[in-house]
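Printed here is protein.txt (compact mmCIF, C-alpha atoms and all ligand atoms):
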# COMPACT_ATOMS: atom_id res chain seq x y z
CA MET A 1 0.00 0.00 0.00
CA GLU A 2 2.80 2.38 0.93
CA PHE A 3 4.37 1.80 -2.48
CA TRP A 4 1.23 2.91 -4.29
CA LEU A 5 0.42 5.79 -2.00
CA GLU A 6 3.93 7.13 -2.58
CA ARG A 7 3.13 7.11 -6.28
CA GLY A 8 -0.28 8.72 -5.84
CA PHE A 9 -2.49 5.68 -6.30
CA ASP A 10 -3.10 2.22 -4.83
CA LEU A 11 -4.23 -1.28 -5.66
CA ALA A 12 -6.49 -1.63 -2.67
CA MET A 13 -9.79 -2.09 -4.51
CA SER A 14 -10.56 -5.78 -4.18
CA GLU A 15 -12.41 -8.21 -6.41
CA LYS A 16 -14.99 -8.40 -3.60
CA ALA A 17 -15.60 -4.69 -3.90
CA LEU A 18 -15.99 -4.98 -7.66
CA ASN A 19 -18.38 -7.89 -7.25
CA GLU A 20 -20.42 -5.90 -4.76
CA ASN A 21 -20.65 -3.09 -7.31
CA GLU A 22 -21.65 -5.64 -9.92
CA SER A 23 -24.47 -7.11 -7.85
CA THR A 24 -25.71 -3.61 -7.08
CA TYR A 25 -26.27 -3.14 -10.80
CA ASN A 26 -27.82 -6.59 -11.30
CA GLU A 27 -30.47 -6.02 -8.67
CA SER A 28 -31.34 -2.55 -9.93
CA THR A 29 -34.07 -1.27 -12.22
CA TYR A 30 -31.98 1.42 -13.91
CA THR A 31 -32.53 2.44 -17.49
CA ASP A 32 -29.78 1.51 -19.97
CA ALA A 33 -28.49 5.09 -19.99
CA GLU A 34 -28.36 5.19 -16.18
CA ALA A 35 -26.73 1.76 -16.01
CA ARG A 36 -24.11 2.79 -18.60
CA GLN A 37 -23.37 5.95 -16.59
CA ILE A 38 -22.96 3.88 -13.41
CA LEU A 39 -20.62 1.40 -15.11
CA GLU A 40 -18.53 4.22 -16.59
CA THR A 41 -18.23 5.77 -13.13
CA LEU A 42 -17.23 2.42 -11.60
CA PHE A 43 -14.56 1.93 -14.26
CA LEU A 44 -13.30 5.47 -13.66
CA ILE A 45 -12.99 4.81 -9.91
CA GLU A 46 -11.37 1.42 -10.50
CA ASP A 47 -8.85 2.88 -12.96
CA PHE A 48 -7.93 5.67 -10.57
CA PHE A 49 -7.44 3.38 -7.59
CA ARG A 50 -5.62 0.71 -9.54
CA TYR A 51 -3.50 2.65 -12.02
CA GLY A 52 -3.95 6.39 -11.51
CA VAL A 53 -5.05 6.89 -15.13
CA ARG A 54 -8.23 6.52 -17.16
CA CYS A 55 -8.31 3.46 -19.42
CA GLU A 56 -10.65 2.64 -22.26
CA HIS A 57 -13.41 0.09 -21.54
CA LYS A 58 -16.02 -1.45 -23.79
CA ILE A 59 -19.31 -1.43 -21.88
CA SER A 60 -21.82 -4.10 -22.85
CA LEU A 61 -25.04 -3.94 -20.86
CA GLU A 62 -26.07 -7.35 -22.17
CA THR A 63 -23.08 -9.02 -20.53
CA SER A 64 -22.57 -6.55 -17.72
CA SER A 65 -22.77 -9.19 -14.95
CA SER A 66 -19.30 -10.39 -15.90
CA ALA A 67 -18.11 -7.32 -17.78
CA ILE A 68 -16.64 -5.34 -14.89
CA PRO A 69 -13.63 -7.55 -14.10
CA SER A 70 -13.30 -9.35 -17.43
CA THR A 71 -13.15 -6.39 -19.83
CA TRP A 72 -10.15 -4.73 -18.28
CA ASP A 73 -8.06 -3.59 -21.14
CA ARG A 74 -4.83 -5.34 -20.17
CA LYS A 75 -2.87 -3.64 -22.91
CA ALA A 76 -3.97 -0.16 -21.81
CA HIS A 77 -3.31 -0.92 -18.15
CA LEU A 78 0.15 -2.30 -18.93
CA GLU A 79 0.98 0.70 -21.10
CA ALA A 80 -0.10 3.07 -18.34
CA LEU A 81 2.05 1.18 -15.85
CA GLU A 82 5.00 1.13 -18.26
CA THR A 83 4.77 4.90 -18.57
CA GLN A 84 4.93 5.17 -14.76
CA VAL A 85 7.96 2.87 -14.69
CA SER A 86 9.77 4.79 -17.44
CA GLN A 87 9.64 7.93 -15.29
CA CYS A 88 10.49 6.24 -11.99
CA THR A 89 13.31 7.52 -9.78
CA ALA A 90 12.31 5.63 -6.63
CA CYS A 91 15.74 4.04 -6.17
CA GLY A 92 19.26 4.91 -7.27
CA LEU A 93 19.23 2.53 -10.24
CA TRP A 94 17.54 5.13 -12.44
CA GLN A 95 20.81 7.06 -12.59
CA SER A 96 22.70 4.39 -14.52
CA ARG A 97 19.96 3.10 -16.82
CA SER A 98 19.78 3.77 -20.56
CA GLN A 99 16.11 2.89 -20.40
CA THR A 100 13.76 0.89 -18.21
CA VAL A 101 13.06 -2.76 -19.08
CA PHE A 102 9.40 -3.34 -18.37
CA GLY A 103 8.62 -6.82 -19.72
CA GLU A 104 7.75 -8.77 -22.84
CA GLY A 105 5.23 -11.44 -23.78
CA VAL A 106 1.61 -12.25 -24.41
CA LEU A 107 -1.27 -10.52 -22.64
CA ASP A 108 -2.92 -13.74 -21.45
CA PRO A 109 0.11 -15.71 -20.24
CA LYS A 110 -0.05 -19.26 -19.04
CA VAL A 111 3.28 -18.64 -17.31
CA MET A 112 4.95 -15.49 -16.03
CA VAL A 113 8.73 -15.87 -15.85
CA ILE A 114 10.43 -13.60 -13.33
CA GLY A 115 14.13 -12.78 -13.25
CA GLU A 116 16.11 -10.37 -11.11
CA GLY A 117 17.02 -7.43 -13.36
CA PRO A 118 18.23 -6.26 -16.76
CA GLY A 119 21.82 -6.77 -17.92
CA MET A 120 23.81 -4.73 -20.42
CA GLU A 121 22.06 -6.02 -23.56
CA GLU A 122 18.62 -5.74 -21.95
CA ASP A 123 19.40 -2.15 -20.95
CA ARG A 124 20.44 -1.43 -24.55
CA GLN A 125 17.39 -3.02 -26.18
CA GLY A 126 14.78 -2.28 -23.50
CA LEU A 127 13.69 -5.94 -23.48
CA PRO A 128 14.11 -8.63 -20.80
CA PHE A 129 16.39 -11.66 -21.27
CA VAL A 130 17.82 -10.86 -24.70
CA GLY A 131 21.52 -11.47 -24.01
CA ALA A 132 23.26 -14.84 -23.78
CA SER A 133 21.28 -15.84 -20.70
CA GLY A 134 18.08 -14.79 -22.46
CA GLN A 135 18.84 -17.09 -25.38
CA LEU A 136 19.38 -19.94 -22.94
CA LEU A 137 16.14 -19.06 -21.13
CA ASP A 138 14.25 -19.23 -24.44
CA LYS A 139 15.69 -22.73 -25.01
CA MET A 140 14.77 -23.82 -21.49
CA LEU A 141 11.20 -22.59 -21.98
CA ALA A 142 10.93 -24.18 -25.44
CA ALA A 143 11.87 -27.54 -23.90
CA ILE A 144 8.58 -27.45 -21.97
CA ASP A 145 6.51 -25.89 -24.78
CA LEU A 146 6.67 -22.34 -23.47
CA SER A 147 7.60 -19.19 -25.35
CA ARG A 148 7.38 -15.45 -24.80
CA HIS A 149 5.71 -15.27 -28.24
CA ASN A 150 2.92 -17.78 -27.50
CA ASN A 151 2.13 -18.33 -23.84
CA CYS A 152 4.57 -16.52 -21.53
CA TYR A 153 5.28 -13.07 -20.18
CA ILE A 154 8.80 -12.28 -18.95
CA ALA A 155 9.64 -9.55 -16.44
CA ASN A 156 12.19 -8.74 -13.75
CA ILE A 157 12.08 -7.70 -10.13
CA VAL A 158 13.92 -4.44 -10.87
CA LYS A 159 13.27 -2.56 -14.09
CA CYS A 160 16.61 -0.72 -14.29
CA ARG A 161 20.03 -2.25 -14.82
CA PRO A 162 22.24 -2.47 -11.72
CA PRO A 163 25.72 -1.07 -12.52
CA ASN A 164 28.32 -3.66 -13.59
CA ASN A 165 25.61 -6.34 -13.57
CA ARG A 166 25.72 -6.61 -9.79
CA GLU A 167 22.77 -8.11 -7.93
CA PRO A 168 20.04 -5.61 -7.04
CA SER A 169 20.11 -4.80 -3.32
CA PRO A 170 17.15 -5.68 -1.06
CA SER A 171 16.20 -1.99 -0.84
CA GLU A 172 16.23 -1.66 -4.65
CA CYS A 173 14.07 -4.80 -4.94
CA ASP A 174 11.67 -3.43 -2.34
CA ALA A 175 11.44 -0.11 -4.16
CA CYS A 176 10.54 -1.82 -7.45
CA ILE A 177 8.53 -4.91 -6.47
CA GLY A 178 5.22 -3.02 -6.56
CA TYR A 179 5.50 -2.66 -10.33
CA LEU A 180 5.91 -6.42 -10.72
CA ARG A 181 2.96 -7.06 -8.42
CA ALA A 182 0.88 -4.74 -10.59
CA GLN A 183 2.00 -6.61 -13.73
CA ILE A 184 0.91 -9.89 -12.14
CA ASP A 185 -2.37 -8.29 -11.08
CA ILE A 186 -3.07 -7.15 -14.64
CA LEU A 187 -1.87 -10.27 -16.49
CA GLN A 188 -3.21 -12.92 -14.06
CA PRO A 189 -0.86 -15.73 -15.19
CA ASP A 190 -1.82 -19.33 -14.40
CA PHE A 191 1.69 -20.11 -13.12
CA ILE A 192 4.84 -18.25 -12.12
CA LEU A 193 8.40 -19.46 -12.66
CA CYS A 194 11.07 -17.60 -10.69
CA VAL A 195 14.52 -17.91 -12.20
CA GLY A 196 17.17 -17.31 -9.58
CA ARG A 197 17.37 -16.71 -5.87
CA ILE A 198 16.82 -12.93 -5.99
CA ALA A 199 13.53 -13.26 -7.89
CA ALA A 200 12.23 -15.93 -5.50
CA HIS A 201 13.32 -14.06 -2.38
CA SER A 202 11.76 -10.78 -3.47
CA LEU A 203 8.47 -12.20 -4.71
CA LEU A 204 7.89 -14.80 -2.00
CA ARG A 205 9.47 -12.91 0.92
CA LEU A 206 11.71 -15.86 1.72
CA SER A 207 15.41 -16.08 2.46
CA ASP A 208 16.12 -19.80 1.96
CA PRO A 209 19.05 -20.80 -0.25
CA ILE A 210 18.00 -21.81 -3.75
CA SER A 211 18.79 -25.45 -2.94
CA ARG A 212 15.80 -25.36 -0.55
CA LEU A 213 13.53 -23.41 -2.88
CA ARG A 214 13.85 -25.77 -5.86
CA GLY A 215 11.58 -28.79 -6.08
CA ARG A 216 8.76 -27.11 -4.18
CA SER A 217 5.58 -25.30 -5.17
CA PHE A 218 4.73 -21.99 -3.49
CA ASP A 219 1.68 -19.78 -3.66
CA PHE A 220 1.57 -16.14 -4.65
CA GLN A 221 -1.94 -14.72 -4.39
CA GLY A 222 -3.42 -18.05 -5.48
CA ILE A 223 -0.93 -18.55 -8.32
CA PRO A 224 1.39 -21.61 -8.09
CA VAL A 225 5.07 -20.60 -8.12
CA CYS A 226 8.14 -22.75 -8.83
CA VAL A 227 11.79 -21.79 -8.60
CA THR A 228 14.81 -22.79 -10.65
CA PHE A 229 18.29 -21.50 -11.40
CA HIS A 230 18.88 -18.25 -13.28
CA PRO A 231 20.16 -19.08 -16.80
CA SER A 232 23.29 -17.01 -16.17
CA ALA A 233 24.14 -19.46 -13.35
CA LEU A 234 23.86 -22.31 -15.87
CA LEU A 235 26.21 -20.48 -18.22
CA ARG A 236 28.74 -20.11 -15.40
CA ASP A 237 28.38 -23.69 -14.15
CA THR A 238 27.18 -26.24 -16.72
CA ALA A 239 26.82 -28.88 -13.98
CA LEU A 240 23.64 -27.04 -12.97
CA LYS A 241 21.95 -27.80 -16.29
CA ARG A 242 20.81 -31.26 -15.25
CA PRO A 243 19.13 -30.16 -11.98
CA ALA A 244 17.60 -27.21 -13.88
CA TRP A 245 16.11 -29.66 -16.36
CA GLU A 246 14.66 -31.65 -13.44
CA ASP A 247 13.06 -28.41 -12.18
CA LEU A 248 11.54 -27.71 -15.59
CA LYS A 249 10.13 -31.24 -15.89
CA GLN A 250 8.59 -30.86 -12.44
CA PHE A 251 7.12 -27.50 -13.44
CA ARG A 252 5.68 -29.07 -16.60
CA SER A 253 4.13 -31.85 -14.48
CA LEU A 254 2.54 -29.22 -12.24
CA MET A 255 1.00 -27.50 -15.26
CA GLU A 256 -0.22 -30.81 -16.74
CA CYS A 257 -1.67 -31.88 -13.40
CA ARG A 258 -3.58 -28.60 -13.08
CA ALA A 259 -4.87 -28.90 -16.66
CA LEU A 260 -6.05 -32.48 -15.98
CA THR A 261 -7.82 -31.46 -12.76
CA GLU A 262 -9.59 -28.58 -14.52
CA SER A 263 -10.60 -30.80 -17.42
CA ARG A 264 -12.14 -33.36 -15.00
CA ALA A 265 -13.94 -30.62 -13.09
CA THR A 266 -15.38 -29.26 -16.37
CA LYS A 267 -16.61 -32.73 -17.36
CA LYS A 268 -18.32 -33.18 -13.99
CA VAL A 269 -20.14 -29.86 -14.35
CA LYS A 270 -21.41 -30.92 -17.81
FE1 LIG B 301 12.21 2.82 -10.19
FE2 LIG B 301 12.51 0.18 -10.24
FE3 LIG B 301 14.12 1.71 -11.73
FE4 LIG B 301 14.38 1.69 -9.06
S1 LIG B 301 14.71 -0.05 -10.45
S2 LIG B 301 14.33 3.51 -10.40
S3 LIG B 301 12.23 1.44 -8.39
S4 LIG B 301 11.88 1.48 -11.96
Here is a file; write its structure as structure tokens.
Ligand code: SF4
Amino acid sequence: MEFWLERGFDLAMSEKALNENESTYNESTYTDAEARQILETLFLIEDFFRYGVRCEHKISLETSSSAIPSTWDRKAHLEALETQVSQCTACGLWQSRSQTVFGEGVLDPKVMVIGEGPGMEEDRQGLPFVGASGQLLDKMLAAIDLSRHNNCYIANIVKCRPPNNREPSPSECDACIGYLRAQIDILQPDFILCVGRIAAHSLLRLSDPISRLRGRSFDFQGIPVCVTFHPSALLRDTALKRPAWEDLKQFRSLMECRALTESRATKKVK
């Protein structure tokens, strides 16, 4: 909350609050014009509290019972957030960046991949994981049928490059983590894969060594999270490639297991 208040807005409006607004409309006897006005006002309030800017919404009165949460324009929300990030000076990393590195991928990701921060090539191109470690990450993801072009979104804990590719400090991670939380909130991935200790520590608020984070499944706001090595660690020590592959197979099993459970649940409902 402090993070958002410092930036002039917050993410405190809950789904419950939205649902309460929704049921207020459902039980009403408003005319279409009145109902449209109410929905526009609700969207305006939601946009302000969530993102501090007005976003475009398509209002359909016929499907309004589910329209409030489901018609968020993810692209517009992400672009508004990216603009905030590009102007951010909340920690000292802004001084050495060429540009911020916000994230890259699809708008309805099955998996959100989270690293620690941009390196030199990422800082130059403004895209995450595009250097040597990025190429290895793409291969790792492809091995379990994932890709930033089809079903993943890739982002980092900090959006500005730490000088000399050092690790971001805990205070720098804390200053920036709110942006990542907002990205997760907007994109609603089915799964999260943290690559590297820094990403896992910052997101999950843990301090265990990576040897104790691997092979487990965590929960972040209802989203299953797994942890594996950062690809740059695999480039430094090729002996880590085999355990990293074990992590990826386990992550794939988790995704397949969830898909199977959902498919069975759907069949039962039918
Ligand atoms: Fe702002 Fe994050 Fe860049 Fe620090 S790293 S200046 S918090 S965008």
Any idea what the distance is between CA of Arg161 (chain A) and CA of Asp123 (chain A)?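 Answer for the CA of Arg161 (chain A) to CA of Asp123 (chain A) separation: 6.2 Å.
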At a cut-off of 12 Å and counting all atoms listed in the file, what residues surround ligand LIG 301 (chain B)? Please answer as a PyMOL selection string. chain A and resi 3-4+6-7+81-103+116-118+123+155-163+167-180
Identify, on the basis of all atoms listed in the file, every residue whose closest approach to Lys241 (chain A) does not exceed 12 Å; exclude the query and any residue fewer than 3 positions from it along the same chain; express the result as a ChimeraX atom specification. /A:136-137,139-140,228-238,244-248
Figure out the distance between CA of His201 (chain A) and CA of Lys249 (chain A), please, to one decimal in Å. 22.1 Å
Please, what distance in Å, to one decimal, runs between CA of Ala200 (chain A) and CA of Ser147 (chain A)?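 It comes out at 20.6 Å.
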